[in-house]
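Raw model-v3.tsv, TSV, C-alpha atoms:
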```tsv
chain	number	residue	atom	x	y	z
A	1	MET	CA	-3.38	-14.34	8.75
A	2	PHE	CA	-1.53	-11.44	10.42
A	3	CYS	CA	1.44	-12.00	8.14
A	4	ARG	CA	-0.86	-11.67	5.13
A	5	GLN	CA	-2.34	-8.52	6.63
A	6	GLN	CA	1.12	-7.04	7.24
A	7	VAL	CA	2.29	-7.85	3.72
A	8	ALA	CA	-0.93	-6.53	2.19
A	9	GLY	CA	-0.38	-3.23	3.98
A	10	LEU	CA	3.17	-2.96	2.69
A	11	GLN	CA	2.13	-4.04	-0.79
A	12	ALA	CA	-0.56	-1.36	-0.89
A	13	ALA	CA	1.88	1.26	0.33
A	14	ARG	CA	4.64	0.30	-2.09
A	15	PRO	CA	3.77	2.92	-4.73
A	16	ARG	CA	4.06	5.68	-2.12
A	17	ILE	CA	7.19	4.14	-0.61
A	18	TYR	CA	8.82	3.79	-4.02
A	19	GLY	CA	7.73	7.33	-4.79
A	20	MET	CA	9.80	8.47	-1.81
A	21	GLY	CA	12.82	6.65	-3.21
A	22	ALA	CA	12.69	3.82	-0.71
A	23	GLU	CA	12.60	0.04	-0.94
A	24	VAL	CA	10.41	-2.54	0.77
A	25	VAL	CA	12.00	-5.76	2.04
A	26	ILE	CA	10.11	-8.56	3.77
A	27	VAL	CA	11.70	-11.34	5.81
A	28	GLY	CA	9.92	-14.35	7.24
A	29	PRO	CA	11.01	-17.07	9.70
A	30	ALA	CA	10.38	-19.81	7.17
A	31	GLN	CA	12.33	-21.87	4.61
A	32	PRO	CA	13.32	-20.87	1.05
A	33	GLU	CA	10.86	-23.34	-0.47
A	34	HIS	CA	8.00	-21.50	1.24
A	35	ILE	CA	8.60	-18.23	-0.58
A	36	ALA	CA	6.86	-19.06	-3.85
A	37	ASP	CA	3.60	-20.10	-2.20
A	38	PHE	CA	3.61	-17.04	0.04
A	39	ARG	CA	4.06	-14.81	-2.98
A	40	GLU	CA	1.11	-16.50	-4.61
A	41	VAL	CA	-1.27	-16.09	-1.68
A	42	THR	CA	-0.25	-12.50	-0.94
A	43	GLY	CA	0.42	-11.22	-4.44
A	44	TYR	CA	3.56	-9.54	-3.12
A	45	ASP	CA	6.20	-9.35	-5.85
A	46	GLY	CA	8.89	-7.31	-4.08
A	47	PRO	CA	12.01	-8.47	-2.25
A	48	LEU	CA	11.00	-11.42	-0.07
A	49	PHE	CA	13.41	-13.53	1.95
A	50	VAL	CA	13.52	-16.01	4.79
A	51	ASP	CA	15.66	-16.23	7.89
A	52	PRO	CA	15.32	-19.82	9.15
A	53	SER	CA	18.14	-19.27	11.62
A	54	LEU	CA	16.15	-16.37	13.16
A	55	ARG	CA	19.44	-14.52	13.51
A	56	ALA	CA	18.13	-11.32	11.95
A	57	PHE	CA	14.94	-11.57	13.99
A	58	SER	CA	17.01	-11.91	17.13
A	59	GLU	CA	19.37	-9.09	16.23
A	60	ALA	CA	16.36	-6.87	15.59
A	61	GLY	CA	15.18	-7.59	19.12
A	62	LEU	CA	11.96	-9.28	18.08
A	63	ALA	CA	10.14	-11.32	20.70
A	64	HIS	CA	9.92	-15.09	20.54
A	65	GLY	CA	7.87	-17.53	22.55
A	66	LEU	CA	4.29	-18.66	23.05
A	67	GLY	CA	3.78	-16.44	26.07
A	68	LYS	CA	4.73	-13.39	24.05
A	69	THR	CA	2.69	-14.40	21.02
A	70	LEU	CA	-0.78	-14.79	22.47
A	71	HIS	CA	-2.51	-11.89	24.14
A	72	PRO	CA	-6.19	-11.06	24.65
A	73	LEU	CA	-5.85	-8.38	22.01
A	74	THR	CA	-4.62	-11.02	19.55
A	75	PHE	CA	-8.17	-12.29	19.33
A	76	VAL	CA	-9.57	-8.81	18.84
A	77	LYS	CA	-7.03	-8.18	16.10
A	78	GLY	CA	-7.85	-11.59	14.65
A	79	PHE	CA	-11.53	-10.78	14.27
A	80	SER	CA	-10.59	-7.49	12.68
A	81	ALA	CA	-8.27	-9.23	10.23
A	82	LEU	CA	-10.94	-11.79	9.39
A	83	ALA	CA	-13.42	-8.99	8.77
A	84	GLY	CA	-10.86	-7.47	6.45
A	85	GLY	CA	-10.85	-10.62	4.37
A	86	PHE	CA	-7.61	-12.15	5.63
A	87	ARG	CA	-7.55	-15.87	6.27
A	88	GLN	CA	-5.16	-18.14	8.13
A	89	GLY	CA	-3.34	-20.58	5.89
A	90	LEU	CA	-1.00	-23.44	6.71
A	91	THR	CA	1.65	-22.14	9.09
A	92	ARG	CA	5.10	-22.26	7.53
A	93	GLY	CA	7.87	-21.09	9.75
A	94	ASP	CA	8.27	-20.53	13.45
A	95	PRO	CA	4.74	-20.04	14.86
A	96	VAL	CA	5.89	-18.29	18.02
A	97	GLN	CA	8.22	-15.78	16.39
A	98	LEU	CA	6.88	-12.25	16.49
A	99	GLY	CA	7.53	-9.73	13.75
A	100	GLY	CA	8.34	-6.08	13.46
A	101	THR	CA	8.70	-3.18	11.09
A	102	PHE	CA	11.68	-0.89	10.69
A	103	VAL	CA	12.53	2.06	8.49
A	104	LEU	CA	16.27	2.15	7.96
A	105	GLY	CA	18.71	4.24	5.96
A	106	ALA	CA	20.02	5.60	3.90
A	107	GLY	CA	23.12	4.29	5.61
A	108	PRO	CA	23.29	3.64	9.35
A	109	VAL	CA	20.09	5.50	10.14
A	110	VAL	CA	17.10	4.16	12.08
A	111	ARG	CA	14.01	6.22	11.29
A	112	PHE	CA	11.37	3.97	12.80
A	113	ALA	CA	11.36	0.83	14.90
A	114	TRP	CA	8.32	-1.24	15.75
A	115	ARG	CA	8.40	-4.60	17.48
A	116	ASP	CA	5.15	-6.52	17.66
A	117	ARG	CA	4.20	-7.03	21.30
A	118	PHE	CA	1.85	-9.89	20.44
A	119	ALA	CA	0.46	-11.57	17.33
A	120	GLY	CA	-1.47	-9.05	15.28
A	121	ASP	CA	0.19	-6.02	16.87
A	122	LEU	CA	1.08	-4.25	13.64
A	123	PRO	CA	2.15	-0.61	13.28
A	124	GLU	CA	0.01	2.00	11.63
A	125	MET	CA	1.15	2.43	8.04
A	126	ARG	CA	0.81	6.19	8.37
A	127	ASP	CA	3.56	6.11	10.99
A	128	VAL	CA	5.81	4.11	8.68
A	129	LEU	CA	5.23	6.57	5.85
A	130	ALA	CA	5.76	9.52	8.15
A	131	ALA	CA	9.17	8.12	9.07
A	132	LEU	CA	10.10	8.02	5.42
A	133	GLU	CA	8.92	11.58	4.91
A	134	SER	CA	10.97	12.89	7.81
A	135	PRO	CA	14.40	14.36	7.12
A	136	ASP	CA	17.42	12.15	7.63
A	137	VAL	CA	18.23	11.79	11.31
B	1	MET	CA	12.97	4.73	20.19
B	2	PRO	CA	15.03	2.54	22.55
B	3	ARG	CA	18.71	3.32	22.74
B	4	MET	CA	19.51	-0.14	21.38
B	5	ASP	CA	18.06	1.00	18.06
B	6	ASN	CA	20.73	3.61	17.46
B	7	ASP	CA	23.00	1.13	15.74
B	8	LEU	CA	20.36	-1.33	14.57
B	9	ALA	CA	20.90	-0.59	10.86
B	10	THR	CA	24.61	-1.24	11.30
B	11	ARG	CA	24.07	-4.47	13.22
B	12	LEU	CA	21.56	-5.84	10.71
B	13	ALA	CA	23.53	-4.80	7.62
B	14	PRO	CA	26.03	-7.68	7.56
B	15	LEU	CA	23.42	-10.35	8.20
B	16	ALA	CA	22.27	-12.45	5.29
B	17	VAL	CA	18.84	-13.86	4.57
B	18	LEU	CA	17.90	-16.50	2.00
B	19	ASN	CA	16.07	-16.10	-1.27
B	20	GLY	CA	13.79	-18.67	-2.88
B	21	ARG	CA	16.78	-20.57	-4.26
B	22	GLY	CA	18.40	-20.79	-0.85
B	23	GLU	CA	21.07	-18.25	-1.74
B	24	ALA	CA	22.35	-15.90	0.94
B	25	VAL	CA	21.54	-12.24	0.35
B	26	PRO	CA	23.02	-9.55	2.62
B	27	LEU	CA	20.49	-7.11	4.04
B	28	GLY	CA	22.66	-4.01	4.22
B	29	PRO	CA	22.65	-3.04	0.53
B	30	PHE	CA	18.89	-2.53	0.66
B	31	TRP	CA	19.32	0.59	2.80
B	32	ALA	CA	22.89	1.55	1.99
B	33	GLN	CA	22.01	4.15	-0.63
B	34	GLN	CA	18.30	4.68	0.01
B	35	PRO	CA	15.86	4.19	2.87
B	36	ALA	CA	14.11	0.86	3.19
B	37	VAL	CA	11.09	-0.46	5.01
B	38	LEU	CA	12.14	-3.77	6.52
B	39	GLY	CA	9.20	-5.90	7.52
B	40	PHE	CA	9.67	-9.03	9.60
B	41	VAL	CA	6.57	-11.18	9.38
B	42	ARG	CA	5.56	-13.74	11.99
B	43	HIS	CA	5.45	-16.71	9.65
B	44	PHE	CA	4.13	-17.61	6.25
B	45	GLY	CA	0.57	-18.67	6.84
```
Write-out of the structure in C-alpha cells:
Amino acid sequence: MFCRQQVAGLQAARPRIYGMGAEVVIVGPAQPEHIADFREVTGYDGPLFVDPSLRAFSEAGLAHGLGKTLHPLTFVKGFSALAGGFRQGLTRGDPVQLGGTFVLGAGPVVRFAWRDRFAGDLPEMRDVLAALESPDV
Amino acid sequence: MPRMDNDLATRLAPLAVLNGRGEAVPLGPFWAQQPAVLGFVRHFG
C-alpha cells in the first residue's frame, strides 16, 4: 500500500522532474518476475528494478527489521493511504525492508536523502522537487 | 544530511540492480550526466 503511494507520488511528479532534466528510478526488494505485475497495478512506466540481494538498500543505509517497520504512526499513515484510495496487495519482496528517497547527481552529488523511519514514512514531494531545483552542491 | 551521505552517490553508482528479465543494470549511469530521483520502495504489494 505504501509502496503504491510512493510510486504514485513519483509518477505524478515525473512531468515536473523530467522538465528539470532529471530521471526517476525506482528499486524494490523483490524479484525480477514481480516487476510486470507491479507496473500493472501502479501504472508506473519508468525505470523500475529490483534488488533481491538488498545490497543497494543496505548501502543506502535503509533500515531493515520488524521493529523498525511498525510504528504507531504507521497505522495513522495507513488510514491516510487507504483514504487516498491505495490498497494493500499481495506482498512481494522483503516485508520488513524500509525504503527511502534520494536525489543524486549529476555526478557524485547528493542533493536530498530521506530514509523511511517506519512503514509509511514518506518524504514530502515538494522537498524532493526543491532539491532538484536547487543549484548543484 | 548525515555525513555518511557525502559519498552516497559514489558508493551506489557501481551497484547493479535487476530488470524484469533478470539482467543486471548498474545504477550509476542514471545520475552520471543528469540528476535522478532514486526511490527505494518497501516491497511490491
I need the residue nearest chain B from this list: A:Gly67, A:Pro108, A:Gly46, A:Pro52. Use all atoms listed in the file for the distance. A:Pro108
Pick from A:Ala56, A:Leu122, A:Leu48, A:Ala113 nearest to Ala16 (chain B), counting only C-alpha atoms: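 Residue with the minimum atom-to-atom distance to Ala16 (chain B): A:Ala56.
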What is the distance between CA of Val96 (chain A) and CA of Val7 (chain A), in Å to one decimal?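 Computing the Euclidean distance for CA of Val96 (chain A) and CA of Val7 (chain A) yields 18.1 Å.
For the pair CA of Arg14 (chain A) and CA of Arg126 (chain A), the separation is 12.6 Å.
Atom to atom, CA of Gly22 (chain B) and CA of Val37 (chain B) stand 22.4 Å apart.
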Excluding Val25 (chain A) and residues on its chain fewer than 4 positions from it, collect all residues at most 9 Å away from it, counting only C-alpha atoms, and give them as a ChimeraX atom specification. /A:46-49 /B:27,30,36-40
Quick one: which residues from chain A are at most 8 Å off chain B, using all atoms listed in the file, as a count of residues only? 59
Coords for region 13-135 of chain A, C-alpha atoms, as a PDB file, in the first residue's frame:
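Full text of result21.pdb as output:
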```pdb
ATOM      1  CA  ALA A  13       5.710  14.264 -10.296  1.00  0.00           C
ATOM      2  CA  ARG A  14       7.502  12.776 -13.294  1.00  0.00           C
ATOM      3  CA  PRO A  15       6.478  15.517 -15.754  1.00  0.00           C
ATOM      4  CA  ARG A  16       7.962  18.159 -13.452  1.00  0.00           C
ATOM      5  CA  ILE A  17      11.026  16.037 -12.730  1.00  0.00           C
ATOM      6  CA  TYR A  18      11.612  15.373 -16.415  1.00  0.00           C
ATOM      7  CA  GLY A  19      11.049  19.061 -17.064  1.00  0.00           C
ATOM      8  CA  MET A  20      14.008  19.763 -14.790  1.00  0.00           C
ATOM      9  CA  GLY A  21      16.143  17.392 -16.823  1.00  0.00           C
ATOM     10  CA  ALA A  22      16.144  14.640 -14.227  1.00  0.00           C
ATOM     11  CA  GLU A  23      15.285  10.955 -14.236  1.00  0.00           C
ATOM     12  CA  VAL A  24      13.175   8.849 -11.884  1.00  0.00           C
ATOM     13  CA  VAL A  25      14.399   5.383 -10.892  1.00  0.00           C
ATOM     14  CA  ILE A  26      12.538   3.014  -8.590  1.00  0.00           C
ATOM     15  CA  VAL A  27      14.056  -0.022  -6.892  1.00  0.00           C
ATOM     16  CA  GLY A  28      12.174  -2.630  -4.892  1.00  0.00           C
ATOM     17  CA  PRO A  29      13.343  -5.507  -2.666  1.00  0.00           C
ATOM     18  CA  ALA A  30      11.559  -8.068  -4.794  1.00  0.00           C
ATOM     19  CA  GLN A  31      12.328 -10.470  -7.663  1.00  0.00           C
ATOM     20  CA  PRO A  32      12.522  -9.686 -11.406  1.00  0.00           C
ATOM     21  CA  GLU A  33       9.322 -11.623 -12.103  1.00  0.00           C
ATOM     22  CA  HIS A  34       7.412  -9.259  -9.813  1.00  0.00           C
ATOM     23  CA  ILE A  35       8.126  -6.170 -11.891  1.00  0.00           C
ATOM     24  CA  ALA A  36       5.460  -6.645 -14.557  1.00  0.00           C
ATOM     25  CA  ASP A  37       2.620  -7.023 -12.061  1.00  0.00           C
ATOM     26  CA  PHE A  38       3.798  -4.019 -10.067  1.00  0.00           C
ATOM     27  CA  ARG A  39       3.845  -1.922 -13.215  1.00  0.00           C
ATOM     28  CA  GLU A  40       0.308  -3.005 -13.926  1.00  0.00           C
ATOM     29  CA  VAL A  41      -1.093  -2.128 -10.507  1.00  0.00           C
ATOM     30  CA  THR A  42       0.753   1.183 -10.246  1.00  0.00           C
ATOM     31  CA  GLY A  43       0.698   2.316 -13.865  1.00  0.00           C
ATOM     32  CA  TYR A  44       4.335   3.341 -13.494  1.00  0.00           C
ATOM     33  CA  ASP A  45       6.147   3.002 -16.813  1.00  0.00           C
ATOM     34  CA  GLY A  46       9.546   4.480 -15.918  1.00  0.00           C
ATOM     35  CA  PRO A  47      12.758   2.723 -14.896  1.00  0.00           C
ATOM     36  CA  LEU A  48      11.828   0.031 -12.378  1.00  0.00           C
ATOM     37  CA  PHE A  49      14.233  -2.514 -10.941  1.00  0.00           C
ATOM     38  CA  VAL A  50      14.616  -4.964  -8.103  1.00  0.00           C
ATOM     39  CA  ASP A  51      17.421  -5.603  -5.653  1.00  0.00           C
ATOM     40  CA  PRO A  52      16.745  -9.048  -4.160  1.00  0.00           C
ATOM     41  CA  SER A  53      20.173  -9.065  -2.535  1.00  0.00           C
ATOM     42  CA  LEU A  54      19.242  -5.826  -0.693  1.00  0.00           C
ATOM     43  CA  ARG A  55      22.803  -4.664  -1.297  1.00  0.00           C
ATOM     44  CA  ALA A  56      21.759  -1.271  -2.635  1.00  0.00           C
ATOM     45  CA  PHE A  57      19.229  -0.884   0.177  1.00  0.00           C
ATOM     46  CA  SER A  58      21.952  -1.626   2.688  1.00  0.00           C
ATOM     47  CA  GLU A  59      24.485   0.672   1.053  1.00  0.00           C
ATOM     48  CA  ALA A  60      21.886   3.440   1.099  1.00  0.00           C
ATOM     49  CA  GLY A  61      21.568   2.971   4.852  1.00  0.00           C
ATOM     50  CA  LEU A  62      17.933   1.949   4.770  1.00  0.00           C
ATOM     51  CA  ALA A  63      16.513   0.310   7.870  1.00  0.00           C
ATOM     52  CA  HIS A  64      15.544  -3.343   7.978  1.00  0.00           C
ATOM     53  CA  GLY A  65      13.672  -5.330  10.573  1.00  0.00           C
ATOM     54  CA  LEU A  66      10.210  -5.739  12.041  1.00  0.00           C
ATOM     55  CA  GLY A  67      10.941  -3.456  14.966  1.00  0.00           C
ATOM     56  CA  LYS A  68      11.883  -0.657  12.614  1.00  0.00           C
ATOM     57  CA  THR A  69       8.967  -1.249  10.274  1.00  0.00           C
ATOM     58  CA  LEU A  70       5.992  -0.947  12.592  1.00  0.00           C
ATOM     59  CA  HIS A  71       5.348   2.245  14.491  1.00  0.00           C
ATOM     60  CA  PRO A  72       2.158   3.779  15.893  1.00  0.00           C
ATOM     61  CA  LEU A  73       2.293   6.342  13.117  1.00  0.00           C
ATOM     62  CA  THR A  74       2.305   3.510  10.563  1.00  0.00           C
ATOM     63  CA  PHE A  75      -1.350   2.957  11.344  1.00  0.00           C
ATOM     64  CA  VAL A  76      -2.137   6.652  11.047  1.00  0.00           C
ATOM     65  CA  LYS A  77      -0.347   6.762   7.714  1.00  0.00           C
ATOM     66  CA  GLY A  78      -2.153   3.581   6.703  1.00  0.00           C
ATOM     67  CA  PHE A  79      -5.572   5.102   7.251  1.00  0.00           C
ATOM     68  CA  SER A  80      -4.481   8.144   5.297  1.00  0.00           C
ATOM     69  CA  ALA A  81      -3.263   5.977   2.424  1.00  0.00           C
ATOM     70  CA  LEU A  82      -6.499   3.997   2.441  1.00  0.00           C
ATOM     71  CA  ALA A  83      -8.473   7.229   2.340  1.00  0.00           C
ATOM     72  CA  GLY A  84      -6.381   8.216  -0.641  1.00  0.00           C
ATOM     73  CA  GLY A  85      -7.514   5.122  -2.480  1.00  0.00           C
ATOM     74  CA  PHE A  86      -4.410   2.981  -2.025  1.00  0.00           C
ATOM     75  CA  ARG A  87      -4.888  -0.679  -1.231  1.00  0.00           C
ATOM     76  CA  GLN A  88      -2.571  -3.370   0.060  1.00  0.00           C
ATOM     77  CA  GLY A  89      -1.899  -6.124  -2.440  1.00  0.00           C
ATOM     78  CA  LEU A  90      -0.012  -9.389  -2.103  1.00  0.00           C
ATOM     79  CA  THR A  91       3.366  -8.638  -0.558  1.00  0.00           C
ATOM     80  CA  ARG A  92       6.193  -9.430  -2.954  1.00  0.00           C
ATOM     81  CA  GLY A  93       9.624  -8.825  -1.587  1.00  0.00           C
ATOM     82  CA  ASP A  94      11.078  -8.357   1.847  1.00  0.00           C
ATOM     83  CA  PRO A  95       8.205  -7.179   4.094  1.00  0.00           C
ATOM     84  CA  VAL A  96      10.467  -5.691   6.754  1.00  0.00           C
ATOM     85  CA  GLN A  97      12.710  -3.686   4.441  1.00  0.00           C
ATOM     86  CA  LEU A  98      12.138   0.034   4.704  1.00  0.00           C
ATOM     87  CA  GLY A  99      12.511   2.380   1.762  1.00  0.00           C
ATOM     88  CA  GLY A 100      13.897   5.793   1.079  1.00  0.00           C
ATOM     89  CA  THR A 101      14.158   8.564  -1.448  1.00  0.00           C
ATOM     90  CA  PHE A 102      17.306  10.226  -2.722  1.00  0.00           C
ATOM     91  CA  VAL A 103      18.087  12.950  -5.218  1.00  0.00           C
ATOM     92  CA  LEU A 104      21.502  12.297  -6.703  1.00  0.00           C
ATOM     93  CA  GLY A 105      23.675  13.870  -9.377  1.00  0.00           C
ATOM     94  CA  ALA A 106      24.638  14.947 -11.773  1.00  0.00           C
ATOM     95  CA  GLY A 107      27.771  13.051 -10.859  1.00  0.00           C
ATOM     96  CA  PRO A 108      28.795  12.379  -7.260  1.00  0.00           C
ATOM     97  CA  VAL A 109      26.328  14.828  -5.772  1.00  0.00           C
ATOM     98  CA  VAL A 110      23.760  14.107  -3.058  1.00  0.00           C
ATOM     99  CA  ARG A 111      21.018  16.734  -3.118  1.00  0.00           C
ATOM    100  CA  PHE A 112      18.495  15.052  -0.866  1.00  0.00           C
ATOM    101  CA  ALA A 113      18.442  11.975   1.331  1.00  0.00           C
ATOM    102  CA  TRP A 114      15.394  10.541   3.039  1.00  0.00           C
ATOM    103  CA  ARG A 115      15.293   7.235   4.862  1.00  0.00           C
ATOM    104  CA  ASP A 116      11.904   5.991   5.984  1.00  0.00           C
ATOM    105  CA  ARG A 117      11.863   5.688   9.763  1.00  0.00           C
ATOM    106  CA  PHE A 118       8.871   3.343   9.690  1.00  0.00           C
ATOM    107  CA  ALA A 119       6.426   1.961   7.144  1.00  0.00           C
ATOM    108  CA  GLY A 120       4.531   4.813   5.535  1.00  0.00           C
ATOM    109  CA  ASP A 121       7.095   7.458   6.479  1.00  0.00           C
ATOM    110  CA  LEU A 122       7.426   9.024   3.041  1.00  0.00           C
ATOM    111  CA  PRO A 123       9.035  12.378   2.225  1.00  0.00           C
ATOM    112  CA  GLU A 124       7.069  15.356   1.043  1.00  0.00           C
ATOM    113  CA  MET A 125       7.281  15.553  -2.736  1.00  0.00           C
ATOM    114  CA  ARG A 126       7.755  19.310  -2.519  1.00  0.00           C
ATOM    115  CA  ASP A 127      11.036  18.692  -0.698  1.00  0.00           C
ATOM    116  CA  VAL A 128      12.172  16.283  -3.403  1.00  0.00           C
ATOM    117  CA  LEU A 129      11.342  18.805  -6.115  1.00  0.00           C
ATOM    118  CA  ALA A 130      13.012  21.596  -4.191  1.00  0.00           C
ATOM    119  CA  ALA A 131      16.213  19.551  -4.107  1.00  0.00           C
ATOM    120  CA  LEU A 132      16.111  19.268  -7.865  1.00  0.00           C
ATOM    121  CA  GLU A 133      15.543  22.989  -8.236  1.00  0.00           C
ATOM    122  CA  SER A 134      18.494  23.874  -6.040  1.00  0.00           C
ATOM    123  CA  PRO A 135      21.836  24.641  -7.673  1.00  0.00           C
TER     124      PRO A 135
END
```
